[in-house]
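Novice: So that you have it, the file is model-v2.cif, and it contains mmCIF, C-alpha atoms and all ligand atoms:
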data_start
#
loop_
_atom_site.label_atom_id
_atom_site.label_comp_id
_atom_site.auth_asym_id
_atom_site.auth_seq_id
_atom_site.Cartn_x
_atom_site.Cartn_y
_atom_site.Cartn_z
CA MET T 1 0.00 0.00 0.00
CA SER T 2 1.48 3.37 -0.96
CA PRO T 3 1.71 6.10 1.69
CA SER T 4 -0.72 8.25 -0.32
CA SER T 5 -3.52 5.74 0.02
CA GLY T 6 -5.06 3.65 2.77
CA PRO T 7 -4.82 4.58 6.44
CA MET T 8 -1.87 7.00 5.94
CA ARG T 9 -3.84 9.30 3.64
CA GLY T 10 -4.51 12.78 4.86
CA ILE T 11 -2.81 12.36 8.19
CA ARG T 12 -1.81 16.03 8.08
CA ARG T 13 -5.43 17.06 8.53
CA LEU T 14 -5.39 15.37 11.94
CA ILE T 15 -2.42 17.36 13.16
CA ARG T 16 -3.27 20.50 15.18
CA GLU T 17 -3.44 23.29 12.63
CA ASN T 18 -1.48 25.84 14.65
CA LEU T 19 1.41 23.38 14.94
CA LEU T 20 1.64 22.42 11.26
CA GLY T 21 2.96 25.81 10.21
CA LEU T 22 5.11 26.35 13.29
CA GLU T 23 8.84 26.86 12.84
CA GLY T 24 10.80 24.60 15.18
CA TYR T 25 12.99 25.99 17.95
CA GLN T 26 16.58 26.38 16.81
CA PRO T 27 18.70 24.78 19.49
CA ILE T 28 22.49 24.96 19.58
CA VAL T 29 24.72 22.47 17.77
CA PRO T 30 26.07 19.65 19.99
CA LEU T 31 29.70 19.50 21.02
CA GLU T 32 30.51 16.41 18.92
CA ALA T 33 29.25 18.11 15.73
CA LEU T 34 31.25 21.27 16.51
CA SER T 35 34.37 19.19 17.05
CA GLU T 36 33.87 17.45 13.71
CA GLU T 37 33.22 20.72 11.89
CA ALA T 38 36.31 22.45 13.24
CA GLN T 39 38.42 19.28 12.98
CA VAL T 40 39.61 19.68 16.55
CA PRO T 41 39.20 17.15 19.37
CA ILE T 42 36.22 17.75 21.69
CA GLU T 43 38.54 19.00 24.45
CA GLY T 44 39.95 21.59 22.03
CA VAL T 45 36.58 23.11 21.07
CA ILE T 46 36.07 26.57 22.57
CA LYS T 47 32.32 26.52 23.00
CA LEU T 48 31.04 30.01 23.74
CA ASP T 49 27.60 29.72 22.15
CA GLY T 50 25.38 28.16 24.85
CA ASN T 51 26.06 30.14 28.04
CA GLU T 52 27.25 26.92 29.66
CA ASN T 53 29.63 26.76 32.62
CA PRO T 54 33.22 26.11 31.44
CA TYR T 55 34.21 24.79 34.89
CA GLY T 56 31.59 22.04 34.79
CA CYS T 57 29.65 20.80 37.79
CA SER T 58 30.81 20.20 41.35
CA PRO T 59 33.06 17.11 41.68
CA ARG T 60 30.64 15.97 44.40
CA VAL T 61 27.96 15.59 41.71
CA GLN T 62 30.23 13.36 39.59
CA ARG T 63 31.04 11.14 42.57
CA ALA T 64 27.46 10.86 43.83
CA LEU T 65 26.11 9.96 40.38
CA ALA T 66 28.79 7.33 39.84
CA ASN T 67 27.90 5.68 43.16
CA TYR T 68 24.09 5.96 43.12
CA PRO T 69 22.64 2.44 43.48
CA PHE T 70 18.95 3.01 42.59
CA TYR T 71 18.76 3.93 38.90
CA HIS T 72 16.24 1.09 38.45
CA ILE T 73 13.73 2.83 40.75
CA TYR T 74 11.53 5.73 39.58
CA PRO T 75 12.46 9.10 41.05
CA ASP T 76 10.31 10.93 43.63
CA PRO T 77 7.42 12.53 41.71
CA ASP T 78 6.91 15.03 44.53
CA GLN T 79 10.58 16.08 44.40
CA ARG T 80 10.57 16.19 48.21
CA GLU T 81 14.30 16.25 48.92
CA VAL T 82 15.06 18.62 46.07
CA ARG T 83 12.35 21.04 47.10
CA ARG T 84 13.50 20.88 50.71
CA ALA T 85 17.11 21.54 49.68
CA LEU T 86 15.97 24.46 47.52
CA GLU T 87 13.92 25.86 50.41
CA GLY T 88 17.17 26.54 52.25
CA TYR T 89 18.95 27.93 49.20
CA VAL T 90 16.16 30.24 48.02
CA GLY T 91 14.76 31.20 51.42
CA VAL T 92 11.09 30.48 50.66
CA GLU T 93 9.04 27.49 51.81
CA ALA T 94 9.05 24.27 49.78
CA SER T 95 5.32 24.76 49.06
CA HIS T 96 6.45 27.56 46.72
CA ILE T 97 8.92 25.43 44.79
CA VAL T 98 8.43 23.19 41.73
CA ALA T 99 11.33 21.59 39.87
CA GLY T 100 11.36 20.86 36.17
CA ALA T 101 13.49 19.30 33.43
CA GLY T 102 15.29 22.59 32.94
CA SER T 103 13.54 25.92 33.36
CA ASP T 104 12.42 25.28 29.77
CA GLU T 105 9.93 22.73 31.08
CA LEU T 106 8.57 25.20 33.61
CA ILE T 107 8.02 27.81 30.89
CA ASP T 108 5.95 25.25 29.01
CA LEU T 109 4.06 24.08 32.13
CA VAL T 110 3.13 27.62 33.17
CA LEU T 111 1.77 28.32 29.70
CA ARG T 112 -0.14 25.04 29.62
CA LEU T 113 -1.74 25.96 32.93
CA PHE T 114 -2.91 29.42 31.87
CA LEU T 115 -3.46 29.52 28.10
CA GLU T 116 -6.69 28.79 26.30
CA LEU T 117 -6.46 28.85 22.51
CA GLY T 118 -5.90 32.44 21.32
CA ASP T 119 -4.91 33.84 24.73
CA LYS T 120 -2.10 36.38 24.63
CA VAL T 121 1.41 36.30 26.05
CA ILE T 122 3.57 39.43 26.15
CA ASN T 123 7.14 38.93 25.05
CA CYS T 124 9.68 41.73 25.57
CA VAL T 125 11.88 41.30 22.51
CA PRO T 126 14.68 40.70 21.75
CA THR T 127 14.72 37.92 24.33
CA PHE T 128 15.01 34.18 24.93
CA GLY T 129 13.28 32.20 22.17
CA MET T 130 11.46 29.65 24.32
CA TYR T 131 8.76 32.11 25.45
CA SER T 132 7.36 32.60 21.96
CA PHE T 133 8.04 29.01 20.91
CA SER T 134 6.17 27.47 23.87
CA THR T 135 3.35 30.02 23.60
CA GLU T 136 2.74 28.98 20.01
CA VAL T 137 2.94 25.27 20.81
CA CYS T 138 0.27 25.88 23.48
CA GLY T 139 -1.97 27.66 20.97
CA GLY T 140 -1.41 31.12 22.45
CA LYS T 141 -0.76 34.37 20.60
CA VAL T 142 2.58 36.10 21.07
CA VAL T 143 2.40 39.88 21.47
CA SER T 144 5.88 41.32 20.99
CA VAL T 145 6.74 44.56 22.77
CA PRO T 146 10.18 45.80 21.70
CA ARG T 147 12.67 46.84 24.36
CA ASN T 148 14.21 50.31 24.06
CA LYS T 149 17.64 51.16 22.60
CA SER T 150 19.49 50.01 25.70
CA TYR T 151 17.28 46.89 25.80
CA ALA T 152 15.28 47.97 28.87
CA VAL T 153 11.70 46.68 29.03
CA ASP T 154 9.17 49.24 27.78
CA ILE T 155 6.83 49.10 30.79
CA ALA T 156 4.33 51.60 29.35
CA GLY T 157 4.40 49.70 26.04
CA VAL T 158 3.67 46.41 27.80
CA LYS T 159 0.71 47.95 29.63
CA GLU T 160 -0.62 49.40 26.40
CA ALA T 161 -0.34 46.04 24.64
CA MET T 162 -2.44 44.30 27.29
CA ASP T 163 -6.11 43.47 26.85
CA GLU T 164 -8.62 41.04 28.36
CA LYS T 165 -6.98 38.14 26.50
CA THR T 166 -3.54 38.76 28.06
CA LYS T 167 -2.61 36.05 30.54
CA VAL T 168 1.15 36.05 30.93
CA ILE T 169 4.11 38.47 30.64
CA PHE T 170 7.67 37.12 30.39
CA ILE T 171 10.64 39.12 31.63
CA ALA T 172 14.09 37.56 31.46
CA SER T 173 16.30 39.28 34.04
CA PRO T 174 19.17 39.23 33.16
CA ASN T 175 17.89 39.12 29.61
CA ASN T 176 19.24 36.70 27.04
CA PRO T 177 20.93 37.74 24.75
CA THR T 178 21.42 41.34 25.92
CA GLY T 179 22.60 40.67 29.51
CA ASN T 180 20.74 43.52 31.29
CA THR T 181 18.43 43.19 34.29
CA THR T 182 14.97 44.68 34.88
CA SER T 183 14.52 46.64 38.11
CA GLU T 184 12.25 45.46 40.92
CA ARG T 185 10.24 48.65 40.50
CA ASP T 186 9.51 47.89 36.84
CA ILE T 187 8.63 44.28 37.60
CA MET T 188 6.25 45.38 40.37
CA ALA T 189 4.57 47.82 37.99
CA LEU T 190 3.67 44.81 35.86
CA VAL T 191 2.69 42.59 38.81
CA GLU T 192 0.16 45.27 39.78
CA THR T 193 -1.70 44.69 36.51
CA GLY T 194 -2.87 41.33 37.87
CA VAL T 195 -1.76 39.12 34.96
CA VAL T 196 0.84 36.41 35.53
CA VAL T 197 4.35 37.89 35.50
CA VAL T 198 7.10 35.32 34.93
CA VAL T 199 10.53 36.66 35.84
CA ASP T 200 13.11 34.33 34.35
CA GLU T 201 16.22 34.46 36.54
CA ALA T 202 18.18 31.72 34.75
CA TYR T 203 21.32 33.86 35.22
CA TYR T 204 20.54 35.04 38.77
CA GLU T 205 23.77 33.81 40.36
CA PHE T 206 25.80 36.03 38.00
CA SER T 207 23.70 39.14 38.68
CA GLY T 208 22.72 38.80 42.33
CA ALA T 209 19.44 40.60 41.57
CA THR T 210 16.24 38.74 42.41
CA VAL T 211 12.57 39.27 43.17
CA ALA T 212 12.19 35.76 44.64
CA PRO T 213 11.54 36.99 48.23
CA LEU T 214 8.45 38.83 46.94
CA VAL T 215 6.78 35.71 45.52
CA PRO T 216 4.93 34.74 48.74
CA LYS T 217 3.33 38.23 48.85
CA TYR T 218 1.70 38.11 45.41
CA GLU T 219 -0.60 35.61 43.72
CA ASN T 220 0.67 36.34 40.20
CA LEU T 221 4.48 36.58 40.45
CA ILE T 222 6.54 33.57 39.32
CA VAL T 223 10.34 33.39 39.35
CA LEU T 224 12.13 30.74 37.28
CA ARG T 225 15.69 29.62 37.91
CA SER T 226 18.09 27.11 36.37
CA PHE T 227 20.95 24.85 37.43
CA SER T 228 22.27 24.82 33.85
CA LYS T 229 24.37 27.96 34.04
CA TRP T 230 25.86 28.62 37.48
CA ALA T 231 25.91 24.98 38.63
CA GLY T 232 27.10 23.44 35.35
CA LEU T 233 24.23 20.94 35.04
CA ALA T 234 22.88 21.85 31.57
CA ALA T 235 22.96 18.25 30.32
CA LEU T 236 21.05 16.91 33.33
CA ARG T 237 18.12 19.29 32.70
CA ILE T 238 17.16 20.79 36.02
CA GLY T 239 15.49 24.08 36.80
CA TYR T 240 12.90 25.26 39.32
CA GLY T 241 10.24 27.83 39.89
CA ILE T 242 9.50 29.97 42.94
CA ILE T 243 5.78 30.14 42.65
CA PRO T 244 2.66 31.29 44.53
CA THR T 245 1.34 28.22 46.41
CA LEU T 246 -1.93 27.94 44.52
CA ILE T 247 -0.17 27.93 41.15
CA ALA T 248 2.56 25.59 42.46
CA GLU T 249 -0.11 23.05 43.47
CA GLN T 250 -1.63 23.17 40.00
CA LEU T 251 1.76 22.79 38.31
CA LEU T 252 2.65 19.80 40.49
CA LYS T 253 -0.68 18.30 39.46
CA ILE T 254 -0.30 18.74 35.68
CA LYS T 255 3.41 17.96 35.30
CA GLN T 256 4.61 14.54 34.16
CA PRO T 257 5.04 12.54 37.38
CA TYR T 258 8.74 11.75 36.83
CA ASN T 259 9.78 14.97 35.11
CA VAL T 260 12.98 15.35 37.12
CA THR T 261 15.30 12.33 36.91
CA ALA T 262 16.93 10.76 39.96
CA ALA T 263 20.30 11.92 38.57
CA ALA T 264 19.09 15.52 38.38
CA GLN T 265 17.60 15.37 41.89
CA ILE T 266 20.88 14.06 43.32
CA ALA T 267 22.86 16.63 41.35
CA VAL T 268 20.85 19.48 42.92
CA GLN T 269 21.41 18.21 46.44
CA GLU T 270 25.13 17.65 45.90
CA SER T 271 25.53 21.05 44.22
CA LEU T 272 23.88 22.81 47.13
CA ALA T 273 26.04 20.82 49.54
CA ASP T 274 29.11 22.12 47.66
CA ILE T 275 27.94 25.69 47.37
CA GLU T 276 31.33 27.19 48.25
CA TYR T 277 32.92 25.45 45.26
CA LEU T 278 30.17 26.72 42.94
CA LYS T 279 30.37 30.24 44.34
CA ARG T 280 34.07 30.26 43.51
CA THR T 281 33.44 29.30 39.88
CA VAL T 282 30.64 31.88 39.59
CA LYS T 283 33.06 34.48 40.95
CA ALA T 284 35.69 33.45 38.41
CA ILE T 285 33.14 33.77 35.58
CA VAL T 286 31.94 37.20 36.76
CA SER T 287 35.48 38.50 36.99
CA GLU T 288 36.32 37.05 33.56
CA ARG T 289 33.14 38.67 32.16
CA GLU T 290 34.41 42.07 33.24
CA ARG T 291 37.84 41.42 31.73
CA LEU T 292 36.23 40.20 28.48
CA PHE T 293 34.03 43.29 28.34
CA GLY T 294 37.09 45.55 28.66
CA ARG T 295 39.03 43.65 25.99
CA LEU T 296 36.08 43.70 23.56
CA LYS T 297 35.68 47.43 24.09
CA GLU T 298 39.26 47.93 22.94
CA LEU T 299 38.38 46.40 19.56
CA ARG T 300 36.98 49.35 17.69
CA PHE T 301 34.79 47.26 15.37
CA LEU T 302 32.76 45.90 18.30
CA LYS T 303 30.32 47.53 20.71
CA PRO T 304 29.88 45.27 23.76
CA PHE T 305 26.93 45.86 26.11
CA PRO T 306 27.44 45.70 29.89
CA SER T 307 26.23 42.32 31.15
CA GLN T 308 24.93 40.92 34.45
CA ALA T 309 24.98 37.35 33.12
CA ASN T 310 27.65 34.85 31.96
CA PHE T 311 27.84 36.20 28.41
CA VAL T 312 28.50 39.48 26.63
CA PHE T 313 26.38 40.76 23.77
CA CYS T 314 28.23 42.73 21.07
CA ALA T 315 27.05 44.74 18.10
CA VAL T 316 29.50 44.65 15.20
CA VAL T 317 29.69 48.34 14.35
CA ASP T 318 32.31 48.16 11.62
CA GLY T 319 32.34 44.91 9.67
CA ASP T 320 30.31 41.77 9.13
CA ALA T 321 29.29 39.70 12.16
CA LEU T 322 28.71 36.65 9.97
CA ARG T 323 32.25 36.79 8.62
CA ILE T 324 33.67 37.15 12.13
CA HIS T 325 31.49 34.26 13.30
CA GLN T 326 32.73 32.07 10.47
CA GLU T 327 36.39 32.99 10.94
CA LEU T 328 36.10 32.12 14.63
CA ARG T 329 34.49 28.78 13.72
CA LYS T 330 37.46 27.89 11.57
CA MET T 331 39.62 28.26 14.68
CA GLY T 332 37.29 26.04 16.73
CA ILE T 333 35.76 29.02 18.57
CA PHE T 334 31.97 28.99 18.53
CA VAL T 335 29.93 32.07 19.46
CA ARG T 336 26.30 32.93 18.76
CA TYR T 337 25.51 35.02 15.68
CA PHE T 338 22.38 37.17 15.27
CA ASP T 339 21.01 39.07 12.34
CA THR T 340 17.33 39.68 12.97
CA PRO T 341 15.33 42.91 12.65
CA LEU T 342 15.92 43.64 16.35
CA LEU T 343 19.44 42.27 16.60
CA ARG T 344 21.31 43.32 13.50
CA ASN T 345 24.84 42.16 12.78
CA SER T 346 25.72 41.03 16.28
CA LEU T 347 27.33 38.32 18.38
CA ARG T 348 26.78 36.84 21.83
CA ILE T 349 29.86 35.46 23.53
CA SER T 350 29.60 33.17 26.55
CA VAL T 351 32.24 33.75 29.21
CA GLY T 352 34.80 30.94 29.22
CA LYS T 353 37.98 30.27 31.16
CA PRO T 354 40.72 32.93 30.89
CA GLU T 355 42.59 30.86 28.29
CA HIS T 356 39.44 30.64 26.13
CA MET T 357 38.98 34.39 26.32
CA ASP T 358 42.64 34.98 25.44
CA ALA T 359 42.30 32.74 22.35
CA LEU T 360 39.08 34.55 21.37
CA ILE T 361 40.55 38.03 21.72
CA LYS T 362 43.70 37.06 19.84
CA THR T 363 41.61 35.69 16.97
CA LEU T 364 39.32 38.75 16.95
CA GLN T 365 42.38 41.01 16.80
CA ARG T 366 43.66 39.05 13.82
CA ILE T 367 40.30 39.03 12.01
CA GLY T 368 39.74 42.75 12.52
CA GLY T 369 36.68 44.67 11.41
CA LYS T 370 35.75 45.67 7.87
CA GLY T 371 37.26 43.71 4.98
CA GLY T 372 39.70 41.77 7.14
C1 LIG T 401 16.72 33.32 29.85
C2 LIG T 401 16.80 31.83 29.83
N1 LIG T 401 15.87 31.12 30.46
C3 LIG T 401 15.88 29.79 30.49
C4 LIG T 401 16.89 29.08 29.83
C5 LIG T 401 16.81 27.59 29.82
O1 LIG T 401 17.45 27.05 30.89
P1 LIG T 401 17.34 25.51 31.23
O2 LIG T 401 18.60 24.88 30.75
O3 LIG T 401 17.19 25.47 32.72
O4 LIG T 401 16.13 24.96 30.53
C6 LIG T 401 17.89 29.77 29.15
C7 LIG T 401 18.92 29.03 28.44
O5 LIG T 401 19.66 29.52 27.63
C8 LIG T 401 17.83 31.17 29.15
O6 LIG T 401 18.75 31.91 28.50
#
With the file now loaded, output its structure as structure tokens.
Ligand SMILES: Cc1ncc(COP(=O)(O)O)c(C=O)c1O

Specialist:
Amino acid sequence: MSPSSGPMRGIRRLIRENLLGLEGYQPIVPLEALSEEAQVPIEGVIKLDGNENPYGCSPRVQRALANYPFYHIYPDPDQREVRRALEGYVGVEASHIVAGAGSDELIDLVLRLFLELGDKVINCVPTFGMYSFSTEVCGGKVVSVPRNKSYAVDIAGVKEAMDEKTKVIFIASPNNPTGNTTSERDIMALVETGVVVVVDEAYYEFSGATVAPLVPKYENLIVLRSFSKWAGLAALRIGYGIIPTLIAEQLLKIKQPYNVTAAAQIAVQESLADIEYLKRTVKAIVSERERLFGRLKELRFLKPFPSQANFVFCAVVDGDALRIHQELRKMGIFVRYFDTPLLRNSLRISVGKPEHMDALIKTLQRIGGKGG
């Protein structure tokens, strides 16, 4: 039987219409593929495109995972130990905490909880791509409100864009890819509107700025955090939300029962037990970020933006960002390239170890700006 006849015929018509035309999320290229492309061994790849932690996770995590004897048993669906451990770290009660397979999963869960088909989500662009992607997968409508020239959220613009269909506003603070934070005052101005305000603090440990202590006082303020960046656990997929209790209960109800693996749950506990080690690596990254910013500023063809995260966003003001991106690739140095209406001719560089940054700067000096 050919695929165009019999039971396979017309299967497209059964697929949800809003998903058929959807463009997929463009995730980053895996390490192995980068190594093959640049013809350098995996250890030699300078991967500065995913805002990952170049120091890796705590050695305690490696040891605990190697010795864990219960991989054949399902993990705790109520995430009890993880939530209790996070209670101490965050300083809010466990009833406010829900863990997910990365903060990505929590973005999706929040939207699944609130959106009916056609409901609106406000996205302060340019920003992290998962907000619009997950909104569309959930059948919501993305309302984009551009940030201003220095990438601050346009609070008045957000308020103007709201109507009775608006359910959720996303604010990444620090924002990806621009690296700037949004002030507590601005966030509170949005919380006062009564719609759900999701403050994504995936890079909190690098900025130190948080609105998490305010969550228990409001019914519509959600803070999302990640272990991917500061704790070096990106591959284990673990993030969490600090969430008003009523919403937290609903999220715990609708999530997949075993959404956080045993490995991820152990990794959180061991990371928090080795917090001094992680704080040292965060400190090293923050200090390297400042050094990188200074070095990039010296290159006249680049305009770096001050960052509160573990990356630096740069406009290429004299030359072609794509050419620079490609020249870096040839040397096994991978950064993120943007050329969209809101992010013209620009690069985002994750902060690596000092030797990575030295190799990057040396190559940028050689490539130069225009022509090159
Ligand atoms: C602003 C922001 N939020 C969330 C995430 C996703 O983090 P996770 O790995 O916890 O899903 C990222 C990852 O790049 C991010 O930049």

Novice: Which residue, T:Arg348, T:Lys303, T:Arg336, T:Arg237, has the smallest gap to Gly102 in chain T when you use all atoms listed in the file?

Specialist: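 Answer, going by the shortest atom-to-atom distance: T:Arg237.
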
Novice: Using all atoms listed in the file, can you tell me which of T:Val312, T:Val61, T:Ala33, T:Ile324 comes closest to Leu236 in chain T?

Specialist: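 So, comparing all the options, the nearest one is T:Val61.
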
Novice: Distance limit 9 Å, reference ligand LIG 401 (chain T), atoms considered: all atoms listed in the file. Which residues make the cut? Give them as a PDB file with C-alpha atoms, in the coordinates of the input.

Specialist:
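Listing of part_11.pdb after writing:
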ATOM      1  CA  GLY T  50      25.380  28.160  24.850  1.00  0.00           C
ATOM      2  CA  ASN T  51      26.060  30.140  28.040  1.00  0.00           C
ATOM      3  CA  GLU T  52      27.250  26.920  29.660  1.00  0.00           C
ATOM      4  CA  GLY T 100      11.360  20.860  36.170  1.00  0.00           C
ATOM      5  CA  ALA T 101      13.490  19.300  33.430  1.00  0.00           C
ATOM      6  CA  GLY T 102      15.290  22.590  32.940  1.00  0.00           C
ATOM      7  CA  SER T 103      13.540  25.920  33.360  1.00  0.00           C
ATOM      8  CA  ASP T 104      12.420  25.280  29.770  1.00  0.00           C
ATOM      9  CA  GLU T 105       9.930  22.730  31.080  1.00  0.00           C
ATOM     10  CA  LEU T 106       8.570  25.200  33.610  1.00  0.00           C
ATOM     11  CA  ILE T 107       8.020  27.810  30.890  1.00  0.00           C
ATOM     12  CA  THR T 127      14.720  37.920  24.330  1.00  0.00           C
ATOM     13  CA  PHE T 128      15.010  34.180  24.930  1.00  0.00           C
ATOM     14  CA  GLY T 129      13.280  32.200  22.170  1.00  0.00           C
ATOM     15  CA  MET T 130      11.460  29.650  24.320  1.00  0.00           C
ATOM     16  CA  TYR T 131       8.760  32.110  25.450  1.00  0.00           C
ATOM     17  CA  ILE T 171      10.640  39.120  31.630  1.00  0.00           C
ATOM     18  CA  ALA T 172      14.090  37.560  31.460  1.00  0.00           C
ATOM     19  CA  SER T 173      16.300  39.280  34.040  1.00  0.00           C
ATOM     20  CA  PRO T 174      19.170  39.230  33.160  1.00  0.00           C
ATOM     21  CA  ASN T 175      17.890  39.120  29.610  1.00  0.00           C
ATOM     22  CA  ASN T 176      19.240  36.700  27.040  1.00  0.00           C
ATOM     23  CA  PRO T 177      20.930  37.740  24.750  1.00  0.00           C
ATOM     24  CA  ASP T 200      13.110  34.330  34.350  1.00  0.00           C
ATOM     25  CA  GLU T 201      16.220  34.460  36.540  1.00  0.00           C
ATOM     26  CA  ALA T 202      18.180  31.720  34.750  1.00  0.00           C
ATOM     27  CA  TYR T 203      21.320  33.860  35.220  1.00  0.00           C
ATOM     28  CA  LEU T 224      12.130  30.740  37.280  1.00  0.00           C
ATOM     29  CA  ARG T 225      15.690  29.620  37.910  1.00  0.00           C
ATOM     30  CA  SER T 226      18.090  27.110  36.370  1.00  0.00           C
ATOM     31  CA  PHE T 227      20.950  24.850  37.430  1.00  0.00           C
ATOM     32  CA  SER T 228      22.270  24.820  33.850  1.00  0.00           C
ATOM     33  CA  LYS T 229      24.370  27.960  34.040  1.00  0.00           C
ATOM     34  CA  LEU T 233      24.230  20.940  35.040  1.00  0.00           C
ATOM     35  CA  ALA T 234      22.880  21.850  31.570  1.00  0.00           C
ATOM     36  CA  ALA T 235      22.960  18.250  30.320  1.00  0.00           C
ATOM     37  CA  LEU T 236      21.050  16.910  33.330  1.00  0.00           C
ATOM     38  CA  ARG T 237      18.120  19.290  32.700  1.00  0.00           C
ATOM     39  CA  ILE T 238      17.160  20.790  36.020  1.00  0.00           C
ATOM     40  CA  GLY T 239      15.490  24.080  36.800  1.00  0.00           C
ATOM     41  CA  TYR T 240      12.900  25.260  39.320  1.00  0.00           C
TER      42      TYR T 240
END

Novice: Excluding Asn148 in chain T and its own-chain neighbours fewer than 5 positions away, which residues fall within 12 Å of it when counting only C-alpha atoms? Please give them as a PDB file with C-alpha atoms, in the frame of the given file.

Specialist:
ATOM      1  CA  CYS T 124       9.680  41.730  25.570  1.00  0.00           C
ATOM      2  CA  VAL T 125      11.880  41.300  22.510  1.00  0.00           C
ATOM      3  CA  PRO T 126      14.680  40.700  21.750  1.00  0.00           C
ATOM      4  CA  VAL T 153      11.700  46.680  29.030  1.00  0.00           C
ATOM      5  CA  ASP T 154       9.170  49.240  27.780  1.00  0.00           C
ATOM      6  CA  ILE T 155       6.830  49.100  30.790  1.00  0.00           C
ATOM      7  CA  ALA T 156       4.330  51.600  29.350  1.00  0.00           C
ATOM      8  CA  GLY T 157       4.400  49.700  26.040  1.00  0.00           C
ATOM      9  CA  VAL T 158       3.670  46.410  27.800  1.00  0.00           C
ATOM     10  CA  THR T 178      21.420  41.340  25.920  1.00  0.00           C
ATOM     11  CA  ASN T 180      20.740  43.520  31.290  1.00  0.00           C
ATOM     12  CA  LEU T 342      15.920  43.640  16.350  1.00  0.00           C
TER      13      LEU T 342
END

Novice: Given only C-alpha atoms as the basis, pick out the residue of T:Leu20, T:Ile266, T:Val121, T:Val90 nearest to Val215 in chain T.

Specialist: T:Val90

Novice: Expressed in Å to a single decimal, how great is the separation between CA of Asp339 in chain T and CA of Leu48 in chain T?

Specialist: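 Pair CA of Asp339 in chain T / CA of Leu48 in chain T returns 17.7 Å.
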
Novice: Name the residues within 12 Å of (32.0, 24.2, 31.9), counting all atoms listed in the file in the file's coordinates, and put them as an MDAnalysis selection string.

Specialist: chainID T and resid 43 45:48 50:58 228:235 278 281:282 284:285 310 350:353 356

Novice: Could you work out how far CA of Glu93 in chain T lies from CA of Val196 in chain T, giving the answer in Å with one decimal?

Specialist: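 A separation of 20.3 Å between them.
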
Novice: Considering all atoms listed in the file, can you say which of T:Gln308, T:Asn259, T:Thr182, T:Thr363 comes closest to Pro75 in chain T?

Specialist: T:Asn259

Novice: Once you count all atoms listed in the file, which residues end up no further than 7 Å from (14.9, 36.7, 41.1) in the file's frame, shown as a VMD selection string?

Specialist: chain T and resid 199 201 204 209 to 212 223

Novice: Out of T:Asp49, T:Asp358, T:Leu221, T:Ala273, which residue has the shortest atom-to-atom distance to Phe313 in chain T when counting only C-alpha atoms?

Specialist: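 For Phe313 in chain T, the nearest of the candidates is T:Asp49.
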
Novice: Hey, what's within 9 Å of Pro257 in chain T if we count all atoms listed in the file and toss same-chain stuff fewer than 6 positions away? As a PDB file with C-alpha atoms, keeping the file's coordinate frame, please?

Specialist:
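Everything below was put into out-v6.pdb:
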ATOM      1  CA  PRO T  75      12.460   9.100  41.050  1.00  0.00           C
ATOM      2  CA  ASP T  76      10.310  10.930  43.630  1.00  0.00           C
ATOM      3  CA  PRO T  77       7.420  12.530  41.710  1.00  0.00           C
ATOM      4  CA  ASP T  78       6.910  15.030  44.530  1.00  0.00           C
TER       5      ASP T  78
END

Novice: Would you mind reading off the distance between CA of Lys253 in chain T and CA of Ile169 in chain T, one decimal, in Å?

Specialist: 22.5 Å
